[in-house]
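First comes the structure, then the notes that go with it.
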Amino acid sequence: RDHRKITVIDGNVGFVGGINLADEYINRTHKFGYWKDASIILRGAAVWNLTFLFLEMWQSSSDEVFDYDLYYPTETYPTDGFVQPFGDGPHDAHQSIEMVYMQIINNAKRYVYITTPYLIIDHEIATALKLAALSGVDVRIMMPHIPDKKLIYMVSKSYYPELLKAGVKIYEYLPGFLHSKMIVSDDEVAMIGTANLDYRSFYLHFEVSCYLYRTSSIMQMREDAIKCL
């Protein structure tokens with residue numbers, strides 16, 4: 001399944017995050033209450049990775065062959081940190097997005113804030129979250145209060161007891177459905193993209209995420225996560 005959400009304009013502007021093209025994502029309909037989501041806009045050189053992932057998927061699904069040199073960004077922009085969009089999928093030898101999640105959690109010193117619509121985690125992620133909380137890190141997971149898939153919601157809640165017992169704080173977004181997929185830590189590092197904190201996203205889907213290090217947008221992501229509490 002291609003679960004990526006990528007928009008690229010002229011090779012110089014790119015959007016990536018949880019937002020699909022559907023009415024509920026802009027709250028024109030309210031089937032699950034207020035829909036809360038998150039995406040990030042990129043400009044310049046970092047957009048190339050999004051373009052490449054899009055062209056690669058299109059080419060693999062058709063007979064069309066691209067001259068990739070025609071799609072490079074033509075504009076440059078200053079940056080105040082490090083930005084790295086990257087893809088993941090079932091054909092990889094390892095689960096890149098899950099490994100980044102674990103790297104961020106394991107290296108956290110003060111806090112880790114996570115927003116995710118689903119929480120179906122393997123032993124490695126569960127252990128990392130519990131160890132961080134037991135070590136004194138402020139670990140918070142924000143989940144939806146109104147589910148879009150009731151069975152998945154029930155399975156997600158089955159992980160609550162062991163995480164809460166270890167000191168992980170779990171919140172539910174009361175106005176409706178929280179669909180954003182973000183992790184922010186220590187005002188320094190963050191990741192935003194299409195991958196949920198669940199088995200399907202880590203092992204079965206084609207996904208895309210954007211890793212951020214010491215960029216000003218990290219503080220915006222932190223504030224956005226706090227608003228979900």
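A note on labels: chains of the structure tokens are A, B, ... as shown, every chain counts residues from 1, and ligands are counted from 1 in their shown order.
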
Q.
DSSP on the backbone: which residues in region 57-201 of chain A end up as alpha helix (DSSP H)? Give the answer as a ChimeraX atom specification.
A. /A:57-60,96-107,123-134,150-157,160-165,199

Q: Using only C-alpha atoms, find the one residue out of A:Ile120, A:Ile192, A:Leu204, A:Val112 that sits nearest to Val168 (chain A).
A: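 Smallest separation from Val168 (chain A) among the options: A:Val112.
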
Q.
Here is a test: counting only C-alpha atoms, which residue of A:Glu24, A:Asp138, A:Tyr199, A:Ala132 is nearest to Tyr113 (chain A)?
A.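 So, comparing all the options, the nearest one is A:Asp138.
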
Q) Which is closer to Val100 (chain A) than all the others in A:Met142, A:Ala22, A:Val137, A:Ala128, using only C-alpha atoms? A)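 Looking only at the distances to Val100 (chain A), the closest residue turns out to be A:Ala128.
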
Q | Of the listed residues A:Met57, A:Ala108, A:Val189, A:Ile141, that which approaches Asp88 (chain A) most closely, counting only C-alpha atoms | A |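 Result for the nearest residue to Asp88 (chain A): A:Met57.
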
Q.
Just the number, please: distance in Å from CA of Leu174 (chain A) to CA of Ile146 (chain A), one decimal.
A.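 Taking CA of Leu174 (chain A) and CA of Ile146 (chain A), their separation equals 7.4 Å.
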
(Q) Run DSSP on the backbone and tell me which residues of region 22-223 of chain A come out as strand (DSSP E or B); list them as a ChimeraX atom specification. (A) /A:31,33-36,39-43,82-88,111-115,119-120,138-144,169-173,176-178,182-185,189-193,197-198,206-213

(Q) Which residue is closest to Pro85 (chain A)? Choose from A:Val208, A:Val139, A:Val184, A:Leu131 and count only C-alpha atoms. (A) A:Val208

Q | Non-local contacts of Ile6 (chain A) (12 Å; only C-alpha atoms; under 2 positions in same chain excluded) as number ranges by chain | A | A: 2-4, 8-9, 11, 13-21, 39-42, 47-55, 57, 85-87, 193-194, 206-210

Q.
So that I can see what lies close to His123 (chain A), please list as a list in words the residues with an atom at most 12 Å from it, counting only C-alpha atoms and leaving out residues fewer than 6 positions away in the same chain.
A.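 Counting only the stated atoms, we get Glu98, Met102, Leu129, Lys130, Leu131, Tyr159, Glu162, Leu163, Asp198 and Tyr199 of chain A.
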
Using the selection just defined, write its residues with C-alpha atoms as a compact mmCIF listing (two decimals), in the first residue's frame.
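And here's result_15.txt as it stands now:
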```txt
# COMPACT_ATOMS: atom_id res chain seq x y z
CA GLU A 98 10.81 2.85 13.13
CA MET A 102 13.70 4.57 18.45
CA LEU A 129 9.00 4.30 25.45
CA LYS A 130 8.88 2.63 28.86
CA LEU A 131 12.64 2.90 29.41
CA TYR A 159 -1.29 -0.88 25.08
CA GLU A 162 1.74 -1.20 30.37
CA LEU A 163 2.80 2.23 29.11
CA ASP A 198 1.75 1.00 14.21
CA TYR A 199 2.89 -2.22 12.60
```

Q: Could you check how far CA of His94 (chain A) sits from CA of Ala38 (chain A), in Å to one decimal?
A: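 The value is 26.1 Å.
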
Q. What gap, in Å, lies between CA of Ile104 (chain A) and CA of Met191 (chain A)?
A.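 Interatomic distance here is 9.0 Å.
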